[in-house]
file final.txt (compact mmCIF, C-alpha atoms)
# COMPACT_ATOMS: atom_id res chain seq x y z
CA LEU A 1 51.29 7.56 56.71
CA ARG A 2 51.82 9.36 60.04
CA ASP A 3 55.55 9.48 59.41
CA GLY A 4 54.79 11.09 56.06
CA GLY A 5 52.81 13.85 57.76
CA ARG A 6 49.44 12.71 56.42
CA ASP A 7 46.26 13.04 58.42
CA LEU A 8 44.65 9.65 58.95
CA ASP A 9 41.25 11.24 59.54
CA THR A 10 41.02 12.39 55.93
CA GLN A 11 40.93 10.58 52.62
CA THR A 12 44.23 10.27 50.79
CA GLU A 13 44.95 9.54 47.14
CA LEU A 14 47.73 7.05 46.44
CA ARG A 15 49.27 5.75 43.23
CA LEU A 16 50.61 2.22 43.64
CA ALA A 17 52.49 -0.14 41.37
CA THR A 18 50.59 -3.39 40.75
CA THR A 19 51.01 -6.39 38.51
CA ASP A 20 48.51 -4.75 36.13
CA GLY A 21 50.48 -1.52 36.07
CA PRO A 22 50.09 1.68 38.11
CA ARG A 23 46.73 2.05 39.86
CA ASP A 24 45.18 5.01 41.68
CA TYR A 25 43.39 4.51 44.98
CA LEU A 26 41.40 6.61 47.41
CA LEU A 27 42.61 5.56 50.84
CA GLN A 28 40.53 6.02 53.99
CA TYR A 29 41.62 5.00 57.48
CA VAL A 30 38.96 3.68 59.84
CA PRO A 31 40.16 3.49 63.50
CA VAL A 32 39.04 0.64 65.72
CA GLY A 33 38.59 1.04 69.47
CA ALA A 34 39.60 4.16 71.39
CA GLU A 35 39.80 7.49 69.58
CA ASN A 36 43.60 7.69 69.77
CA ALA A 37 44.18 3.98 69.28
CA ARG A 38 46.77 2.97 66.74
CA ARG A 39 44.61 0.12 65.51
CA GLY A 40 42.32 0.29 62.53
CA PHE A 41 41.89 -0.70 58.95
CA PHE A 42 42.11 0.95 55.55
CA ILE A 43 39.50 1.12 52.83
CA PHE A 44 41.00 1.17 49.34
CA THR A 45 38.74 2.49 46.58
CA ASP A 46 40.04 2.05 43.06
CA ILE A 47 39.75 5.42 41.30
CA THR A 48 42.07 4.58 38.39
CA PRO A 49 39.47 5.28 35.65
CA GLN A 50 38.57 8.68 37.16
CA LYS A 51 42.22 9.72 37.55
CA ARG A 52 43.00 8.54 34.04
CA ARG A 53 40.22 10.78 32.71
CA GLU A 54 41.52 13.71 34.76
CA ARG A 55 44.99 13.25 33.28
CA GLN A 56 43.55 12.90 29.79
CA PHE A 57 41.56 16.13 30.06
CA LYS A 58 44.64 17.90 31.41
CA THR A 59 46.74 16.53 28.53
CA LEU A 60 44.03 17.59 26.07
CA SER A 61 43.95 21.11 27.52
CA GLU A 62 47.73 21.49 27.46
CA GLY A 63 48.03 19.88 24.02
CA THR A 64 45.60 22.37 22.52
CA GLU A 65 48.36 24.97 22.84
CA GLY A 66 50.37 22.96 20.30
CA LEU A 67 47.49 23.29 17.85
CA LEU A 68 47.47 27.05 18.37
CA ASP A 69 51.19 27.25 17.62
CA ALA A 70 50.90 25.37 14.32
CA ARG A 71 51.18 27.51 11.20
CA SER A 72 50.14 24.97 8.56
CA VAL A 73 47.60 22.19 8.13
CA GLU A 74 50.45 19.65 8.18
CA GLY A 75 51.65 21.14 11.46
CA VAL A 76 48.17 20.87 12.95
CA THR A 77 47.69 17.24 11.89
CA GLY A 78 51.16 16.38 13.20
CA ALA A 79 50.33 17.92 16.58
CA VAL A 80 47.07 15.94 16.68
CA ARG A 81 48.85 12.67 16.00
CA THR A 82 51.31 13.32 18.82
CA LEU A 83 48.54 14.36 21.21
CA VAL A 84 46.44 11.23 20.59
CA VAL A 85 49.44 9.04 21.45
CA GLU A 86 49.83 10.97 24.71
CA LEU A 87 46.10 10.74 25.49
CA PHE A 88 45.55 7.01 25.16
CA ASP A 89 47.35 3.81 26.04
CA GLU A 90 47.90 1.08 23.46
CA VAL A 91 46.50 2.83 20.42
CA VAL A 92 47.58 3.19 16.84
CA VAL A 93 46.89 6.60 15.34
CA GLY A 94 47.23 7.65 11.72
CA VAL A 95 46.64 10.76 9.65
CA TRP A 96 45.50 10.26 6.06
CA ARG A 97 45.28 12.70 3.19
CA TYR A 98 42.91 12.22 0.29
CA ASP A 99 44.62 12.19 -3.11
CA ARG A 100 42.15 13.16 -5.83
CA GLU A 101 44.28 11.88 -8.70
CA SER A 102 44.37 8.31 -7.39
CA ASP A 103 41.03 8.59 -5.53
CA ALA A 104 42.69 7.09 -2.45
CA PHE A 105 43.65 8.06 1.09
CA ARG A 106 47.42 8.16 1.55
CA PRO A 107 48.95 7.74 5.04
CA LEU A 108 50.95 10.79 6.06
CA ALA A 109 52.21 9.31 9.33
CA VAL A 110 51.35 6.52 11.74
CA ALA A 111 52.33 6.25 15.41
CA ALA A 112 51.62 3.79 18.21
CA ALA A 113 51.27 4.27 21.97
CA ASP A 114 52.45 0.74 22.70
CA PRO A 115 55.69 0.22 24.64
CA ALA A 116 56.11 -3.18 22.96
CA ALA A 117 56.02 -1.72 19.46
CA ASP A 118 59.43 -0.59 18.22
CA HIS A 119 57.89 0.86 15.06
CA VAL A 120 54.72 0.80 13.04
CA ASP A 121 54.83 -0.15 9.38
CA SER A 122 53.30 2.40 7.06
CA PRO A 123 49.94 1.04 5.82
CA PRO A 124 49.06 0.95 2.12
CA ASP A 125 46.85 3.49 0.41
CA VAL A 126 43.13 2.98 0.98
CA PRO A 127 40.79 3.50 -1.98
CA ALA A 128 38.23 6.19 -1.29
CA THR A 129 35.40 3.84 -2.26
CA GLN A 130 36.15 1.66 0.79
CA GLY A 131 34.74 2.28 4.22
CA GLY A 132 31.56 3.91 2.93
CA SER A 133 33.25 6.76 1.06
CA ALA A 134 31.60 8.13 -2.05
CA ASP A 135 33.47 8.96 -5.22
CA ALA A 136 35.04 12.42 -4.94
CA SER A 137 37.12 12.37 -8.11
CA ALA A 138 35.03 15.17 -9.58
CA GLY A 139 36.77 17.61 -7.26
CA GLY A 140 33.99 17.94 -4.67
CA ALA A 141 34.30 17.64 -0.91
CA VAL A 142 35.50 14.30 0.42
CA PRO A 143 32.56 12.62 2.21
CA PRO A 144 32.95 11.42 5.83
CA ARG A 145 33.75 7.77 6.34
CA ASP A 146 33.07 7.23 10.04
CA THR A 147 30.10 6.44 12.22
CA ALA A 148 29.53 7.99 15.62
CA ALA A 149 28.43 4.73 17.27
CA PRO A 150 30.95 3.28 19.74
CA ASP A 151 32.78 0.09 18.83
CA GLU A 152 32.01 -3.13 20.63
CA ALA A 153 34.73 -5.66 21.36
CA PRO A 154 34.17 -8.86 19.36
CA SER A 155 33.10 -11.81 21.47
CA ASP A 156 34.58 -14.27 18.99
CA PRO A 157 38.41 -14.34 19.19
CA GLY A 158 38.47 -15.11 15.49
CA ALA A 159 36.37 -12.08 14.60
CA PRO A 160 38.03 -9.12 12.89
CA PRO A 161 39.24 -6.31 15.13
CA PRO A 162 36.83 -3.44 15.82
CA ALA A 163 36.82 -0.65 13.29
CA PRO A 164 38.90 2.41 14.22
CA ALA A 165 37.41 5.77 15.02
CA GLU A 166 37.68 7.92 11.90
CA ARG A 167 37.23 11.67 12.04
CA ARG A 168 37.62 14.31 9.36
CA LEU A 169 40.21 16.91 10.38
CA SER A 170 40.07 19.13 7.29
CA GLY A 171 38.88 19.00 3.72
CA ASP A 172 41.36 16.29 2.71
CA HIS A 173 42.75 15.01 6.05
CA THR A 174 41.31 12.18 8.15
CA LEU A 175 42.32 10.93 11.61
CA THR A 176 42.09 7.22 12.48
CA VAL A 177 42.45 5.88 16.02
CA SER A 178 42.24 2.22 17.02
CA ARG A 179 43.04 0.51 20.29
CA ILE A 180 45.42 -2.44 20.30
CA GLY A 181 43.61 -5.58 21.44
CA SER A 182 40.34 -3.93 22.49
CA ALA A 183 37.70 -1.46 21.39
CA LEU A 184 37.57 2.26 22.04
CA SER A 185 35.11 3.17 24.76
CA THR A 186 32.41 5.80 24.48
CA THR A 187 34.48 8.10 26.69
CA ASP A 188 37.53 7.57 24.44
CA ARG A 189 35.47 8.62 21.44
CA TYR A 190 34.16 11.64 23.33
CA LEU A 191 37.74 12.78 23.99
CA ILE A 192 38.59 12.19 20.33
CA ASP A 193 35.61 14.31 19.29
CA LEU A 194 36.75 17.13 21.59
CA LEU A 195 40.22 16.96 20.07
CA VAL A 196 38.83 16.90 16.54
CA ALA A 197 36.67 19.97 17.27
CA ASP A 198 39.77 21.85 18.46
CA THR A 199 41.67 20.61 15.42
CA ARG A 200 39.05 21.79 12.96
CA ALA A 201 39.07 25.21 14.63
CA ALA A 202 42.88 25.28 14.32
CA VAL A 203 42.67 24.30 10.64
CA ARG A 204 40.14 27.07 9.99
CA ARG A 205 42.48 29.52 11.72
CA VAL A 206 45.41 28.34 9.60
CA ASP A 207 43.30 28.65 6.45
CA ARG A 208 42.22 32.17 7.41
CA GLU A 209 45.80 33.17 8.13
CA ALA A 210 46.92 31.72 4.79
CA GLU A 211 44.13 33.60 2.99
CA LEU A 212 45.05 36.80 4.82
CA ALA A 213 48.71 36.34 3.89
CA ARG A 214 47.71 35.76 0.25
CA ARG A 215 45.64 38.92 0.19
CA ASN A 216 48.42 40.88 1.87
CA ASP A 217 50.80 39.67 -0.84
CA GLN A 218 48.32 40.79 -3.50
CA LEU A 219 47.97 44.21 -1.88
CA GLU A 220 51.74 44.52 -1.61
CA PHE A 221 52.04 43.68 -5.30
CA VAL A 222 49.43 46.29 -6.25
CA ASN A 223 51.12 48.82 -3.96
CA SER A 224 54.48 48.10 -5.56
CA LEU A 225 52.91 48.40 -9.00
CA LEU A 226 51.42 51.78 -8.09
CA ARG A 227 54.61 53.09 -6.48
CA HIS A 228 57.00 52.12 -9.23
CA ASP A 229 55.49 51.32 -12.59
CA ILE A 230 52.36 53.47 -12.71
CA GLN A 231 53.71 56.43 -10.77
CA ASN A 232 56.95 56.47 -12.78
CA SER A 233 54.94 56.34 -16.01
CA MET A 234 52.68 59.18 -14.84
CA THR A 235 55.75 61.26 -13.95
CA VAL A 236 57.07 60.79 -17.49
CA ILE A 237 53.66 61.68 -18.99
CA ARG A 238 53.46 64.82 -16.83
CA ALA A 239 56.94 65.92 -17.89
CA ARG A 240 56.09 65.45 -21.54
CA GLY A 241 52.81 67.31 -21.08
CA GLN A 242 54.61 70.15 -19.36
CA ALA A 243 57.08 70.36 -22.24
CA LEU A 244 54.22 70.44 -24.76
CA SER A 245 52.43 73.13 -22.79
CA GLU A 246 55.49 75.34 -22.87
CA SER A 247 56.15 74.81 -26.57
CA CYS A 248 52.59 75.04 -27.88
CA ALA A 249 49.98 77.74 -28.07
CA GLY A 250 46.23 77.99 -28.34
CA GLN A 251 44.15 74.82 -28.18
CA ASP A 252 47.22 72.57 -28.20
CA ALA A 253 48.56 74.31 -25.09
CA THR A 254 45.18 73.81 -23.40
CA TYR A 255 45.29 70.07 -24.18
CA ALA A 256 48.83 69.87 -22.80
CA ASP A 257 47.76 71.66 -19.60
CA THR A 258 44.96 69.11 -19.19
CA ILE A 259 47.53 66.30 -19.45
CA VAL A 260 49.62 67.92 -16.73
CA THR A 261 46.61 68.49 -14.46
CA GLN A 262 45.28 64.95 -14.85
CA SER A 263 48.77 63.54 -14.31
CA ASP A 264 49.04 65.50 -11.03
CA ASP A 265 45.66 64.09 -9.90
CA VAL A 266 46.72 60.51 -10.64
CA ILE A 267 50.06 60.97 -8.86
CA ASP A 268 48.29 62.44 -5.81
CA LEU A 269 45.87 59.49 -5.80
CA ILE A 270 48.74 57.03 -5.91
CA ASP A 271 50.40 58.80 -2.97
CA GLN A 272 47.22 58.24 -0.92
CA PHE A 273 47.54 54.46 -1.38
CA ARG A 274 51.19 54.28 -0.41

call {"tool": "encode", "arguments": {"input": "final.txt", "output": "structure tokens"}}
result
Amino acid sequence: LRDGGRDLDTQTELRLATTDGPRDYLLQYVPVGAENARRGFFIFTDITPQKRRERQFKTLSEGTEGLLDARSVEGVTGAVRTLVVELFDEVVVGVWRYDRESDAFRPLAVAAADPAADHVDSPPDVPATQGGSADASAGGAVPPRDTAAPDEAPSDPGAPPPAPAERRLSGDHTLTVSRIGSALSTTDRYLIDLLVADTRAAVRRVDREAELARRNDQLEFVNSLLRHDIQNSMTVIRARGQALSESCAGQDATYADTIVTQSDDVIDLIDQFR
């Protein structure tokens, strides 16, 4: 430590390789004997859980930028799936979309954060009536299927695996996260909830942008209609009215002048919208 330029009188964080994988420690040197003696002992405090949480919150913060860059709901859900794999070790994450015709949840994509898994088979469709879902075939909102209570690891090895965390991402999209071989902790679920909150905000932004783009397209269509079709028609009507005004007399000429005047007003109004 001295050769590395570290001060032995202060606490030092170290990351060491162990048989259980990398571990983080807070290292403190306690001298024995004289003040400048080179004898002493070290106190190692395992801070792996705290450092893991720090890295997870940093990953969550940086990954939120990917949600902001997405321009579609599919892009947002894809970014979420990737981010969950980066956040947690040994998890399987899936994004499901509710299909109203079949009344089932269809898997869009599944990924695993397990070095031993070469690939993850795509799961079958899940009927919407499973997992506590109500029937939504009438076209209403898809009801939530998850519970907020944390999973508990089964004490019986033969018991079924703990249920995954399921969170609604948008109207028809659901996120599922399950840990391989163990249950998700309360802190894991808290991080998932933070991510889901960011995701829902990103989906609302995407929906607003899509609605704004749709309205802009409608306005552009109306503007094009005014510029070309209506204005061209009014120009023809004005020309015909002008011709009638010049060729008629009396009351007919007055009617023709009214056509010309009204045509000019409509053309001026159209120019204001261009």

call {"tool": "closest_residue", "arguments": {"input": "final.txt", "among": "A:Glu54, A:Glu62, A:Asp229, A:Asp193", "to": "A:Ala79", "atoms": "all atoms listed in the file"}}
result
A:Glu62

call {"tool": "atom_distance", "arguments": {"input": "final.txt", "atom1": "atom CA of A:Arg71", "atom2": "atom CA of A:Gln56"}}
result
24.8 Å

call {"tool": "residues_around", "arguments": {"input": "final.txt", "residues": "A:Leu83", "least_positions_apart": "3", "cutoff": "9 Å", "atoms": "all atoms listed in the file", "output": "list in words"}}
result
Thr59, Leu60, Gly63, Thr64, Gly66, Gly78, Ala79, Val80, Glu86, Leu87, Phe88 and Leu195 of chain A

call {"tool": "atom_distance", "arguments": {"input": "final.txt", "atom1": "atom CA of A:Asp172", "atom2": "atom CA of A:Arg205"}}
result
16.0 Å

call {"tool": "residues_around", "arguments": {"input": "final.txt", "residues": "stretch 235-251 of chain A", "least_positions_apart": "6", "cutoff": "12 Å", "atoms": "only C-alpha atoms", "output": "list in words"}}
result
Leu226, Arg227, His228, Asp229, Asp257, Thr258, Ile259, Val260, Thr261, Gln262, Ser263, Asp264, Asp265, Val266, Ile267, Asp268 and Ile270 of chain A

call {"tool": "write_last_selection", "arguments": {"input": "final.txt", "atoms": "C-alpha atoms", "output": "CSV table (one decimal), in the coordinates of the input"}}
result
chain,number,residue,atom,x,y,z
A,226,LEU,CA,51.4,51.8,-8.1
A,227,ARG,CA,54.6,53.1,-6.5
A,228,HIS,CA,57.0,52.1,-9.2
A,229,ASP,CA,55.5,51.3,-12.6
A,257,ASP,CA,47.8,71.7,-19.6
A,258,THR,CA,45.0,69.1,-19.2
A,259,ILE,CA,47.5,66.3,-19.4
A,260,VAL,CA,49.6,67.9,-16.7
A,261,THR,CA,46.6,68.5,-14.5
A,262,GLN,CA,45.3,65.0,-14.8
A,263,SER,CA,48.8,63.5,-14.3
A,264,ASP,CA,49.0,65.5,-11.0
A,265,ASP,CA,45.7,64.1,-9.9
A,266,VAL,CA,46.7,60.5,-10.6
A,267,ILE,CA,50.1,61.0,-8.9
A,268,ASP,CA,48.3,62.4,-5.8
A,270,ILE,CA,48.7,57.0,-5.9

call {"tool": "atom_distance", "arguments": {"input": "final.txt", "atom1": "atom CA of A:Gly21", "atom2": "atom CA of A:Thr48"}}
result
10.6 Å

call {"tool": "closest_residue", "arguments": {"input": "final.txt", "among": "A:Ala253, A:Ala213, A:Leu67, A:Ile230", "to": "A:Asp271", "atoms": "only C-alpha atoms"}}
result
A:Ile230

call {"tool": "closest_residue", "arguments": {"input": "final.txt", "among": "A:Thr45, A:Ser72, A:Gln50, A:Ser170", "to": "A:Asp198", "atoms": "only C-alpha atoms"}}
result
A:Ser170

call {"tool": "closest_residue", "arguments": {"input": "final.txt", "among": "A:Val222, A:Phe44, A:Lys58, A:Arg39", "to": "A:Tyr25", "atoms": "all atoms listed in the file"}}
result
A:Phe44

call {"tool": "build_atoms", "arguments": {"input": "final.txt", "residues": "stretch 62-86 of chain A", "atoms": "N, CA, C and O atoms", "output": "PDB file, in the coordinates of the input"}}
result
ATOM      1  N   GLU A  62      46.374  21.009  27.717  1.00  0.00           N
ATOM      2  CA  GLU A  62      47.730  21.490  27.460  1.00  0.00           C
ATOM      3  C   GLU A  62      48.127  21.275  25.998  1.00  0.00           C
ATOM      4  O   GLU A  62      48.844  22.093  25.416  1.00  0.00           O
ATOM      5  N   GLY A  63      47.663  20.174  25.407  1.00  0.00           N
ATOM      6  CA  GLY A  63      48.030  19.880  24.020  1.00  0.00           C
ATOM      7  C   GLY A  63      47.375  20.815  23.021  1.00  0.00           C
ATOM      8  O   GLY A  63      47.876  20.970  21.899  1.00  0.00           O
ATOM      9  N   THR A  64      46.260  21.437  23.417  1.00  0.00           N
ATOM     10  CA  THR A  64      45.600  22.370  22.520  1.00  0.00           C
ATOM     11  C   THR A  64      46.517  23.547  22.189  1.00  0.00           C
ATOM     12  O   THR A  64      46.412  24.147  21.107  1.00  0.00           O
ATOM     13  N   GLU A  65      47.422  23.881  23.102  1.00  0.00           N
ATOM     14  CA  GLU A  65      48.360  24.970  22.840  1.00  0.00           C
ATOM     15  C   GLU A  65      49.245  24.644  21.634  1.00  0.00           C
ATOM     16  O   GLU A  65      49.636  25.543  20.877  1.00  0.00           O
ATOM     17  N   GLY A  66      49.585  23.358  21.470  1.00  0.00           N
ATOM     18  CA  GLY A  66      50.370  22.960  20.300  1.00  0.00           C
ATOM     19  C   GLY A  66      49.617  23.192  19.004  1.00  0.00           C
ATOM     20  O   GLY A  66      50.219  23.545  17.985  1.00  0.00           O
ATOM     21  N   LEU A  67      48.296  23.016  19.041  1.00  0.00           N
ATOM     22  CA  LEU A  67      47.490  23.290  17.850  1.00  0.00           C
ATOM     23  C   LEU A  67      47.492  24.783  17.534  1.00  0.00           C
ATOM     24  O   LEU A  67      47.501  25.184  16.368  1.00  0.00           O
ATOM     25  N   LEU A  68      47.489  25.607  18.585  1.00  0.00           N
ATOM     26  CA  LEU A  68      47.470  27.050  18.370  1.00  0.00           C
ATOM     27  C   LEU A  68      48.799  27.551  17.816  1.00  0.00           C
ATOM     28  O   LEU A  68      48.843  28.576  17.134  1.00  0.00           O
ATOM     29  N   ASP A  69      49.874  26.821  18.105  1.00  0.00           N
ATOM     30  CA  ASP A  69      51.190  27.250  17.620  1.00  0.00           C
ATOM     31  C   ASP A  69      51.447  26.824  16.181  1.00  0.00           C
ATOM     32  O   ASP A  69      52.370  27.344  15.547  1.00  0.00           O
ATOM     33  N   ALA A  70      50.665  25.863  15.677  1.00  0.00           N
ATOM     34  CA  ALA A  70      50.900  25.370  14.320  1.00  0.00           C
ATOM     35  C   ALA A  70      50.571  26.451  13.296  1.00  0.00           C
ATOM     36  O   ALA A  70      49.616  27.214  13.462  1.00  0.00           O
ATOM     37  N   ARG A  71      51.355  26.496  12.235  1.00  0.00           N
ATOM     38  CA  ARG A  71      51.180  27.510  11.200  1.00  0.00           C
ATOM     39  C   ARG A  71      50.835  26.907   9.843  1.00  0.00           C
ATOM     40  O   ARG A  71      50.867  27.602   8.840  1.00  0.00           O
ATOM     41  N   SER A  72      50.539  25.621   9.806  1.00  0.00           N
ATOM     42  CA  SER A  72      50.140  24.970   8.560  1.00  0.00           C
ATOM     43  C   SER A  72      49.226  23.802   8.899  1.00  0.00           C
ATOM     44  O   SER A  72      49.183  23.329  10.051  1.00  0.00           O
ATOM     45  N   VAL A  73      48.484  23.327   7.902  1.00  0.00           N
ATOM     46  CA  VAL A  73      47.600  22.190   8.130  1.00  0.00           C
ATOM     47  C   VAL A  73      48.422  20.955   8.491  1.00  0.00           C
ATOM     48  O   VAL A  73      48.031  20.160   9.359  1.00  0.00           O
ATOM     49  N   GLU A  74      49.581  20.781   7.846  1.00  0.00           N
ATOM     50  CA  GLU A  74      50.450  19.650   8.180  1.00  0.00           C
ATOM     51  C   GLU A  74      50.940  19.743   9.616  1.00  0.00           C
ATOM     52  O   GLU A  74      51.045  18.735  10.318  1.00  0.00           O
ATOM     53  N   GLY A  75      51.236  20.969  10.071  1.00  0.00           N
ATOM     54  CA  GLY A  75      51.650  21.140  11.460  1.00  0.00           C
ATOM     55  C   GLY A  75      50.547  20.808  12.433  1.00  0.00           C
ATOM     56  O   GLY A  75      50.783  20.212  13.487  1.00  0.00           O
ATOM     57  N   VAL A  76      49.312  21.177  12.089  1.00  0.00           N
ATOM     58  CA  VAL A  76      48.170  20.870  12.950  1.00  0.00           C
ATOM     59  C   VAL A  76      47.947  19.362  13.034  1.00  0.00           C
ATOM     60  O   VAL A  76      47.780  18.803  14.127  1.00  0.00           O
ATOM     61  N   THR A  77      47.937  18.687  11.880  1.00  0.00           N
ATOM     62  CA  THR A  77      47.690  17.240  11.890  1.00  0.00           C
ATOM     63  C   THR A  77      48.823  16.500  12.595  1.00  0.00           C
ATOM     64  O   THR A  77      48.588  15.486  13.261  1.00  0.00           O
ATOM     65  N   GLY A  78      50.053  17.001  12.476  1.00  0.00           N
ATOM     66  CA  GLY A  78      51.160  16.380  13.200  1.00  0.00           C
ATOM     67  C   GLY A  78      51.005  16.526  14.703  1.00  0.00           C
ATOM     68  O   GLY A  78      51.269  15.586  15.465  1.00  0.00           O
ATOM     69  N   ALA A  79      50.552  17.699  15.156  1.00  0.00           N
ATOM     70  CA  ALA A  79      50.330  17.920  16.580  1.00  0.00           C
ATOM     71  C   ALA A  79      49.203  17.030  17.103  1.00  0.00           C
ATOM     72  O   ALA A  79      49.265  16.513  18.227  1.00  0.00           O
ATOM     73  N   VAL A  80      48.176  16.818  16.282  1.00  0.00           N
ATOM     74  CA  VAL A  80      47.070  15.940  16.680  1.00  0.00           C
ATOM     75  C   VAL A  80      47.549  14.510  16.853  1.00  0.00           C
ATOM     76  O   VAL A  80      47.205  13.838  17.836  1.00  0.00           O
ATOM     77  N   ARG A  81      48.343  14.036  15.906  1.00  0.00           N
ATOM     78  CA  ARG A  81      48.850  12.670  16.000  1.00  0.00           C
ATOM     79  C   ARG A  81      49.648  12.470  17.285  1.00  0.00           C
ATOM     80  O   ARG A  81      49.468  11.478  17.994  1.00  0.00           O
ATOM     81  N   THR A  82      50.513  13.414  17.603  1.00  0.00           N
ATOM     82  CA  THR A  82      51.310  13.320  18.820  1.00  0.00           C
ATOM     83  C   THR A  82      50.430  13.355  20.058  1.00  0.00           C
ATOM     84  O   THR A  82      50.646  12.599  21.018  1.00  0.00           O
ATOM     85  N   LEU A  83      49.411  14.205  20.057  1.00  0.00           N
ATOM     86  CA  LEU A  83      48.540  14.360  21.210  1.00  0.00           C
ATOM     87  C   LEU A  83      47.711  13.110  21.468  1.00  0.00           C
ATOM     88  O   LEU A  83      47.494  12.726  22.626  1.00  0.00           O
ATOM     89  N   VAL A  84      47.234  12.458  20.408  1.00  0.00           N
ATOM     90  CA  VAL A  84      46.440  11.230  20.590  1.00  0.00           C
ATOM     91  C   VAL A  84      47.289  10.145  21.247  1.00  0.00           C
ATOM     92  O   VAL A  84      46.818   9.410  22.128  1.00  0.00           O
ATOM     93  N   VAL A  85      48.546  10.030  20.846  1.00  0.00           N
ATOM     94  CA  VAL A  85      49.440   9.040  21.450  1.00  0.00           C
ATOM     95  C   VAL A  85      49.627   9.325  22.929  1.00  0.00           C
ATOM     96  O   VAL A  85      49.715   8.407  23.757  1.00  0.00           O
ATOM     97  N   GLU A  86      49.675  10.613  23.302  1.00  0.00           N
ATOM     98  CA  GLU A  86      49.830  10.970  24.710  1.00  0.00           C
ATOM     99  C   GLU A  86      48.532  10.770  25.488  1.00  0.00           C
ATOM    100  O   GLU A  86      48.563  10.521  26.695  1.00  0.00           O
TER     101      GLU A  86
END
